[in-house]
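Data first, discussion second: the structure below is written as structure tokens.
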Amino acid sequence: MSNRIFTNNFRSFNASQIIESVNESSNTTYYLFFGNHVPYTGGDSNTPTPNNSTRDVITYSYSNMIAGKRLTNSDLSHMVKRYDWAAGTVYDQYDDIAGNIDDLKYYVVTTTGANYYVFKCLFNNSGSASTIQPNFNDTSAQDNFFITSDGYHWKFLYSVEKSVFEKFATKDYMPVYVDSNVSGNAVSGSIDTILVLSGGQYYNNYYSGRFNNDGIRVGGDPKKYNIGNDASSLNNYYYNSLIYITGGTGQGQYKRIVGYDVLSTTKQITVDTAFSIPLDATSRYEITPYVSVSGNGTETNTVFARALVNSLSTNSIYSVEILSSGKGYLNANAIISVSPAISISNTATLRVILPPYGGHGFNPIKELNSRVLGISATFSNSESNTITIKNDYRTVGLLKDPLFANVVLTLRKEDSTLGADGNFIDNEGVLQYRPYKLAGTVDAGNSKTANGTNTKFVDSFNVGDRILIKSSTSNFVANVTLVANDTSISFDANCPFTNTVSDIYKITVSATANVSSYSAGSLQLTNVSGVLTNYSKIIGLRSYATANITSYVINNETKNFNTFNQLDKFYYDSVTGTFAEDETITQASNLIGLVQDSTAKYHSIDTSNKILFVTNRFGIFNANSATGNSSGAKVDISTVIPGDIVPGSGEILYLEYTDPITRSATSSEKIKLLAEY
């Protein structure tokens with residue numbers, strides 16, 4: 001039998017992959033879509049629950065789809081649970097052994113002015129209520145942490161502009177980001193918290209006072225100091241304790257005591273090294289037990305900490321104050337060092353809390369256990385007249401990498417004349433690419449291997465990369481299958497030409513498609529994946545024809561790939577009567593042997609351009625009349641144009657059924673989705 005878990009890092013990784021994929025060179029495209037203008041069976045008061053069946057996710061979703069909008073990086077965010085700071089709340093403190101981190105409130109968000117600020121609790125004053133709100137103005141990116149007057153230790157993690165925060169935030173979740181200043185100043189392996197598990201008893205080696213002029217640098221020795229006559233009368237009593245300057249000149253300095261001598265008229269301590277700022281009669285001090293922190297040898301800076309003694313509780317240890325957090329600890333233990341002159345019958349127990357990898361603030365996405373992806377986008381009325389503003393919808397979803405069905409490009413040759421360099425072939429694949437010319441030349445010898453001169457193939461290519469070999473009149477593109485050395489490279493197809501001095505390029509691909517037809521500088525494509533852009537280069541995968549895109553239309557409309565319209569369009573010659581919203585339109589079958597009629601759901605009409613929009617098209621509509629089942633209205637169809645994307649293409653990653661949302665020319669809808677991993 002074995003037991004296993006998927007770690008929090010795995011969950012954060014999944015959300016990160018989606019966000020990163022939007023920005024990669026071969027980027028993934030995601031569209032937020034809406035659909036289903038037809039009331040639910042049984043009425044809109046009975047919203048059904050979608051399931052993962054093929055019929056719900058594919059058949060119904062694509063049949064009902066109305067329109068979609070492409071998401072950009074600014075529409076995606078890592079999300080974490082939201083905890084607004086509130087006075088009187090006991091917040092959890094970060095703990096490296098906590099396995100139930102999702103259930104802990106160990107960070108808070110506050111708002112001041114135009115920003116939201118997020119702070120991580122490193123110490124909650126032994127479970128006390130927080131009464132002082134952490135304030136961004138009290139800290140900086142360089143601080144390990146700062147302490148509020150209620151005893152809480154807070155680490156500032158990041159800030160978010162109010163507009164961005166409110167774009168993604170819900171009452172339960174909020175966006176999380178990496179602050180480059182905080183991350184850059186994070187200290188890997190620093191120790192910021194040491195817990196007191198049990199306080200022990202009889203830690204009597206503490207003392208406080210202020211130096212007098214005769215007690216400073218005794219005999220000119222910068223390491224010897226006289227303390228008060230009421231200090232312990234036992235030699236070595238404060239040995240291995242820590243002296244901390246609490247006020248006056250030299251405040252904040254600390255040293256280990258390596259000697260304590262009770263002399264005839266004075267009591268004298270010896271510190272390990274001289275104070276960098278010389279002390280004087282204004283300098284006040286505290287002597288406390290020294291906390292020794294040991295690591296596993298990876299530490300590069302040592303932790304210095306002192307134990308604070310509760311004199312009202314048999315001199316037990318109630319807290320450990322970190323004076324210097326150290327650096328590089330991967331593991332650590334802490335004990336309180338005391339002189340053998342002190343009899344400790346009940347030893348205090350401490351536990352070091354180790355920071356996350358990179359230190360506190362290095363990566364809040366992981367530190368705060370983000371495993372939720374936030375998506376927030378707005379359908380702004382007609383999106384520049386590219387999506388419908390009529391009727392309503394009941395389905396919202398996330399669609400990955402759909403294929404556009406009908407895109408026509410206008411092309412230019414390298415000399416800027418209309419057409420392509422070469423002739424594209426029907427049904428061949430094409431790539432939109434960006435070339436990066438490399439040093440040297442290759443001998444293209446009509447084979448799957450090329451030999452280079454002055455080339456650096458090992459540094460330039462990995463297996464699977466795309467390579468372009470170009471002579472003065474010919475092109476060849478393929479996938480790299482082997483990088484033998486700096487001057488020998490192999491690929492998955494034969495180079496179709498021979499040229500001993502050919503240029504070589506590494507290319508990145510941003511879109512792919514299949515050729516439907518090519519004529520007179522116009523290239524019709526289908527199954528377009530990615531985003532085609534003007535002034536980009538394309539190449540055929542069999543013809544190796546190349547061209548520059550100067551313009552394009554999608555499904556006979558001049559627009560870009562930021563949106564798609566999935567309503568089927570019935571161009572018509574005439575309409576008699578008025579169709580009822582959402583009614584079924586039927587066209588009787590006139591094909592021999594085909595008994596079943598063709599049907600569709602009426603969505604809306606554009607009388608100016610003579611277009612009837614429908615969804616849920618079933619069967620084959622042709623140039624003939626169709627009738628509304630309830631209204632009796634008739635339409636004489638001249639041409640049928642399917643929606644922009646290929647039905648069933650891409651992957652639907654999220655699906656939500658909701659109450660009806662009405663579209664209009666004067667309103668927009670902000671859609672927020674949360675995907676939990």
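Residues are named by chain letter and number: chains run A, B, ... in the order of the structure tokens, numbers start at 1 in each chain, and ligands are numbered from 1 in the order shown.
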
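With only C-alpha atoms taken into account, the protein and nucleic acid residues at most 7 Å from Trp154 in chain A (excluding it and anything under 5 positions from it in its own chain) are Phe119, Lys120, Cys121, Leu122, Phe145, Phe146 and Ile147 of chain A.
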
For the selection just defined, write its residues with C-alpha atoms to a file, as a CSV table (one decimal), in the first residue's frame.
chain,number,residue,atom,x,y,z
A,119,PHE,CA,0.9,41.3,4.2
A,120,LYS,CA,1.9,37.9,5.5
A,121,CYS,CA,1.8,37.1,9.2
A,122,LEU,CA,5.1,35.7,10.5
A,145,PHE,CA,9.4,42.0,8.5
A,146,PHE,CA,8.0,44.8,10.7
A,147,ILE,CA,6.3,44.7,14.1

Quick one: residues within 10 Å of Lys224 in chain A, only C-alpha atoms, excluding same-chain residues fewer than 3 positions away - as a PDB file with N, CA and C atoms, in the first residue's frame?
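This went into part_36.pdb:
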ATOM      1  N   GLY A 215      32.770  52.584  33.415  1.00  0.00           N
ATOM      2  CA  GLY A 215      32.582  51.185  33.031  1.00  0.00           C
ATOM      3  C   GLY A 215      32.748  50.916  31.550  1.00  0.00           C
ATOM      4  N   ILE A 216      33.080  51.938  30.745  1.00  0.00           N
ATOM      5  CA  ILE A 216      33.140  51.774  29.292  1.00  0.00           C
ATOM      6  C   ILE A 216      34.589  51.548  28.858  1.00  0.00           C
ATOM      7  N   ARG A 217      34.796  50.473  28.097  1.00  0.00           N
ATOM      8  CA  ARG A 217      36.135  50.155  27.555  1.00  0.00           C
ATOM      9  C   ARG A 217      37.173  50.223  28.682  1.00  0.00           C
ATOM     10  N   VAL A 218      36.984  49.336  29.644  1.00  0.00           N
ATOM     11  CA  VAL A 218      37.827  49.328  30.844  1.00  0.00           C
ATOM     12  C   VAL A 218      39.292  49.126  30.461  1.00  0.00           C
ATOM     13  N   GLY A 219      40.141  49.997  30.965  1.00  0.00           N
ATOM     14  CA  GLY A 219      41.564  49.921  30.671  1.00  0.00           C
ATOM     15  C   GLY A 219      41.870  50.134  29.202  1.00  0.00           C
ATOM     16  N   GLY A 220      40.932  50.789  28.482  1.00  0.00           N
ATOM     17  CA  GLY A 220      41.138  51.029  27.056  1.00  0.00           C
ATOM     18  C   GLY A 220      40.805  49.842  26.177  1.00  0.00           C
ATOM     19  N   ASP A 221      40.365  48.751  26.800  1.00  0.00           N
ATOM     20  CA  ASP A 221      40.019  47.545  26.033  1.00  0.00           C
ATOM     21  C   ASP A 221      38.590  47.699  25.496  1.00  0.00           C
ATOM     22  N   ILE A 227      29.432  46.368  34.507  1.00  0.00           N
ATOM     23  CA  ILE A 227      27.985  46.502  34.649  1.00  0.00           C
ATOM     24  C   ILE A 227      27.670  46.779  36.108  1.00  0.00           C
ATOM     25  N   ILE A 257      28.572  37.615  25.016  1.00  0.00           N
ATOM     26  CA  ILE A 257      29.441  37.755  26.182  1.00  0.00           C
ATOM     27  C   ILE A 257      30.281  36.480  26.304  1.00  0.00           C
ATOM     28  N   GLY A 259      32.931  36.349  28.564  1.00  0.00           N
ATOM     29  CA  GLY A 259      33.546  36.300  29.886  1.00  0.00           C
ATOM     30  C   GLY A 259      32.801  37.170  30.877  1.00  0.00           C
ATOM     31  N   TYR A 260      32.722  36.687  32.128  1.00  0.00           N
ATOM     32  CA  TYR A 260      32.113  37.488  33.195  1.00  0.00           C
ATOM     33  C   TYR A 260      32.921  37.258  34.472  1.00  0.00           C
ATOM     34  N   GLN A 268      32.467  42.629  35.701  1.00  0.00           N
ATOM     35  CA  GLN A 268      32.934  42.985  34.351  1.00  0.00           C
ATOM     36  C   GLN A 268      32.581  41.898  33.341  1.00  0.00           C
ATOM     37  N   ILE A 269      32.065  42.366  32.197  1.00  0.00           N
ATOM     38  CA  ILE A 269      31.804  41.450  31.083  1.00  0.00           C
ATOM     39  C   ILE A 269      32.840  41.675  29.996  1.00  0.00           C
ATOM     40  N   THR A 270      33.102  40.618  29.241  1.00  0.00           N
ATOM     41  CA  THR A 270      33.955  40.698  28.055  1.00  0.00           C
ATOM     42  C   THR A 270      33.134  40.225  26.862  1.00  0.00           C
ATOM     43  N   VAL A 271      33.077  41.049  25.799  1.00  0.00           N
ATOM     44  CA  VAL A 271      32.308  40.683  24.601  1.00  0.00           C
ATOM     45  C   VAL A 271      33.244  40.121  23.544  1.00  0.00           C
ATOM     46  N   ASP A 272      32.661  39.426  22.575  1.00  0.00           N
ATOM     47  CA  ASP A 272      33.496  38.701  21.605  1.00  0.00           C
ATOM     48  C   ASP A 272      34.225  39.630  20.648  1.00  0.00           C
ATOM     49  N   THR A 273      33.611  40.731  20.240  1.00  0.00           N
ATOM     50  CA  THR A 273      34.260  41.704  19.353  1.00  0.00           C
ATOM     51  C   THR A 273      33.855  43.107  19.771  1.00  0.00           C
ATOM     52  N   ALA A 274      34.630  44.076  19.363  1.00  0.00           N
ATOM     53  CA  ALA A 274      34.345  45.462  19.740  1.00  0.00           C
ATOM     54  C   ALA A 274      33.087  45.966  19.034  1.00  0.00           C
TER      55      ALA A 274
END

Can I get the residues of range 491-530 of chain A within 7 Å of range 414-432 of chain A, each with the closest pair of atoms and their distance in Å to one decimal, using only C-alpha atoms, sorted chain first then ascending number, as JSON lines?
{"residue": "A:Val509", "atom": "CA", "partner": "A:Gln432", "partner_atom": "CA", "distance": 5.8}
{"residue": "A:Ser510", "atom": "CA", "partner": "A:Gln432", "partner_atom": "CA", "distance": 5.8}
{"residue": "A:Ala511", "atom": "CA", "partner": "A:Gln432", "partner_atom": "CA", "distance": 5.1}
{"residue": "A:Thr512", "atom": "CA", "partner": "A:Leu431", "partner_atom": "CA", "distance": 4.6}
{"residue": "A:Ala513", "atom": "CA", "partner": "A:Val430", "partner_atom": "CA", "distance": 5.4}
{"residue": "A:Asn514", "atom": "CA", "partner": "A:Gly429", "partner_atom": "CA", "distance": 4.4}
{"residue": "A:Val515", "atom": "CA", "partner": "A:Asn427", "partner_atom": "CA", "distance": 4.8}
{"residue": "A:Ser516", "atom": "CA", "partner": "A:Asp426", "partner_atom": "CA", "distance": 5.5}
{"residue": "A:Ser517", "atom": "CA", "partner": "A:Asp426", "partner_atom": "CA", "distance": 5.3}
{"residue": "A:Tyr518", "atom": "CA", "partner": "A:Phe424", "partner_atom": "CA", "distance": 6.3}
{"residue": "A:Ala520", "atom": "CA", "partner": "A:Gly419", "partner_atom": "CA", "distance": 6.1}
{"residue": "A:Gly521", "atom": "CA", "partner": "A:Gly419", "partner_atom": "CA", "distance": 3.7}

> What lies within 7 Å of Val407 in chain A using only C-alpha atoms, ignoring chain neighbours under 3 positions off, as a PyMOL selection string?
Replying inline: chain A and resi 524-526+552-555

>> Need the shell around Gly209 in chain A: protein/DNA/RNA residues with any atom at most 9 Å away, counting only C-alpha atoms. Skip same-chain ones fewer than 6 positions apart. Format as an MDAnalysis selection string?
In response: chainID A and resid 227:228 283:287

> Taking the backbone alone, and naming residues the way the document does, which bits of range 45-197 of chain A are strand (DSSP E or B) by DSSP, as number ranges by chain?
Replying inline: A: 65-70, 76-81, 84, 89, 107-112, 115-123, 130, 146-147, 153-161, 173-175, 193-197

> Contacts of Thr578 in chain A at 12 Å or less, counting only C-alpha atoms, minus same-chain residues fewer than 5 places along, as a list in words?
Replying inline: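 Answer for this query is Glu583, Ile585, Tyr602, Ser604, Ile605, Thr607, Leu612, Thr627, Gly628, Asn629, Ser630, Ser631, Gly632, Ala633, Lys634 and Val635 of chain A.
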
> Can you tell me, as JSON, numbers by chain, what residues are no more than 8 Å from range 168-183 of chain A when counting only C-alpha atoms, ignoring any on the same chain fewer than 3 positions away?
Replying inline: {"A": [77, 78, 79, 80, 81, 82, 83, 141, 142, 156, 157, 158, 159, 160, 164, 165, 186, 361, 362, 363, 364, 365, 370, 374, 375, 376, 672]}

>> Restricting the calculation to only C-alpha atoms: of A:Val483, A:Asn235, A:Asn240, A:Ile18, which residue gets closest to Ser264 in chain A?
In response: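 For Ser264 in chain A, the nearest of the candidates is A:Asn235.
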
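Our summary of the geometry notes that CA of Ile277 in chain A is positioned 12.9 Å from CA of Tyr244 in chain A.
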
>> Just the number, please: distance in Å from CA of Asp486 in chain A to CA of Ser447 in chain A, one decimal.
In response: 18.1 Å

> Of the residues A:Thr378, A:Asn73, A:Thr533, A:Ser61, which is the one nearest to Tyr30 in chain A, using only C-alpha atoms?
Replying inline: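 Ranked by minimum distance to Tyr30 in chain A, first place goes to A:Asn73.
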
>> Using only C-alpha atoms, can you tell me which of A:Ile344, A:Ile637, A:Leu234, A:Leu32 comes closest to Gly68 in chain A?
In response: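 Among the listed residues, the smallest separation from Gly68 in chain A belongs to A:Leu32.
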
>> Just checking: using only C-alpha atoms, which residue out of A:Leu399, A:Ala623, A:Ala405, A:Leu323 ends up closest to Glu651 in chain A?
In response: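 That would be A:Leu399, the residue with the smallest distance to Glu651 in chain A.
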
>> Report, in Å to a single decimal, how far apart CA of Thr249 in chain A and CA of Leu279 in chain A are.
In response: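 Interatomic distance, CA of Leu279 in chain A to CA of Thr249 in chain A: 5.8 Å.
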
> Could you pull out the alpha helix (DSSP H) residues of range 45-184 of chain A from DSSP and send them as a list of chain:residue names?
Replying inline: A:Thr54, A:Ser61, A:Tyr62, A:Ser63, A:Asn64, A:Lys162, A:Ser163, A:Val164, A:Phe165, A:Glu166, A:Lys167, A:Phe168, A:Ser180, A:Asn181, A:Val182, A:Ser183, A:Gly184

Write the residues you've just listed into a file as a tab-separated table (two decimals), in the first residue's frame, and include N, CA and C atoms for each of them.
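Saved the output as selection.tsv:
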chain	number	residue	atom	x	y	z
A	54	THR	N	-20.14	14.14	-23.49
A	54	THR	CA	-19.84	14.64	-24.83
A	54	THR	C	-20.97	15.52	-25.35
A	61	SER	N	-22.84	22.64	-26.65
A	61	SER	CA	-22.09	23.89	-26.53
A	61	SER	C	-21.85	24.54	-27.88
A	62	TYR	N	-21.40	23.76	-28.84
A	62	TYR	CA	-21.13	24.34	-30.15
A	62	TYR	C	-22.42	24.68	-30.90
A	63	SER	N	-23.45	23.87	-30.73
A	63	SER	CA	-24.72	24.16	-31.40
A	63	SER	C	-25.33	25.46	-30.89
A	64	ASN	N	-25.13	25.73	-29.58
A	64	ASN	CA	-25.73	26.90	-28.96
A	64	ASN	C	-24.82	28.12	-28.94
A	162	LYS	N	-6.02	49.39	-7.50
A	162	LYS	CA	-7.42	49.15	-7.17
A	162	LYS	C	-8.21	48.65	-8.38
A	163	SER	N	-7.95	49.22	-9.56
A	163	SER	CA	-8.70	48.82	-10.75
A	163	SER	C	-8.42	47.36	-11.12
A	164	VAL	N	-7.17	46.93	-10.96
A	164	VAL	CA	-6.81	45.55	-11.27
A	164	VAL	C	-7.38	44.62	-10.21
A	165	PHE	N	-7.23	45.01	-8.95
A	165	PHE	CA	-7.75	44.18	-7.86
A	165	PHE	C	-9.24	43.93	-8.05
A	166	GLU	N	-9.99	44.98	-8.30
A	166	GLU	CA	-11.44	44.85	-8.38
A	166	GLU	C	-11.88	44.19	-9.68
A	167	LYS	N	-11.01	44.16	-10.67
A	167	LYS	CA	-11.35	43.44	-11.90
A	167	LYS	C	-11.49	41.95	-11.62
A	168	PHE	N	-10.60	41.41	-10.77
A	168	PHE	CA	-10.58	39.97	-10.53
A	168	PHE	C	-11.23	39.57	-9.21
A	180	SER	N	8.35	42.60	-7.90
A	180	SER	CA	9.76	42.42	-8.25
A	180	SER	C	10.70	43.01	-7.21
A	181	ASN	N	10.29	44.12	-6.58
A	181	ASN	CA	11.15	44.72	-5.55
A	181	ASN	C	11.23	43.82	-4.32
A	182	VAL	N	10.08	43.31	-3.90
A	182	VAL	CA	10.07	42.43	-2.73
A	182	VAL	C	10.80	41.13	-3.05
A	183	SER	N	10.51	40.55	-4.20
A	183	SER	CA	11.15	39.30	-4.59
A	183	SER	C	12.66	39.46	-4.70
A	184	GLY	N	13.08	40.58	-5.28
A	184	GLY	CA	14.51	40.81	-5.45
A	184	GLY	C	15.25	41.01	-4.15

>> Measuring between only C-alpha atoms, which one of A:Arg617, A:Lys569, A:Lys400, A:His603 shows the shortest distance to Ser638 in chain A?
In response: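 For Ser638 in chain A, the nearest of the candidates is A:Lys569.
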
Please tabulate, as a tab-separated table, the residues of range 211-275 of chain A that come within 12 Å of range 315-322 of chain A, each with its closest pair of atoms and the distance in Å to one decimal, counting only C-alpha atoms and ordering rows by chain, then residue number upward.
residue	atom	partner	partner_atom	distance
A:Leu242	CA	A:Glu321	CA	11.5
A:Tyr244	CA	A:Glu321	CA	11.0
A:Gly252	CA	A:Ile322	CA	11.8
A:Tyr254	CA	A:Ile322	CA	11.4

Output file for the residues above (N, CA and C atoms, as an mmCIF file, in the first residue's frame):
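Saved the output as out17.cif:
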data_model
loop_
_atom_site.group_PDB
_atom_site.id
_atom_site.type_symbol
_atom_site.label_atom_id
_atom_site.label_comp_id
_atom_site.auth_asym_id
_atom_site.auth_seq_id
_atom_site.Cartn_x
_atom_site.Cartn_y
_atom_site.Cartn_z
ATOM 1 N N LEU A 242 23.779 37.281 25.712
ATOM 2 C CA LEU A 242 23.850 38.308 24.671
ATOM 3 C C LEU A 242 23.593 39.665 25.310
ATOM 4 N N TYR A 244 22.517 43.468 24.467
ATOM 5 C CA TYR A 244 21.816 44.194 23.400
ATOM 6 C C TYR A 244 21.656 45.645 23.842
ATOM 7 N N GLY A 252 20.733 49.229 19.116
ATOM 8 C CA GLY A 252 20.536 48.194 18.114
ATOM 9 C C GLY A 252 21.723 47.261 17.957
ATOM 10 N N TYR A 254 24.553 44.493 19.177
ATOM 11 C CA TYR A 254 24.530 43.355 20.097
ATOM 12 C C TYR A 254 25.837 42.584 19.967
#
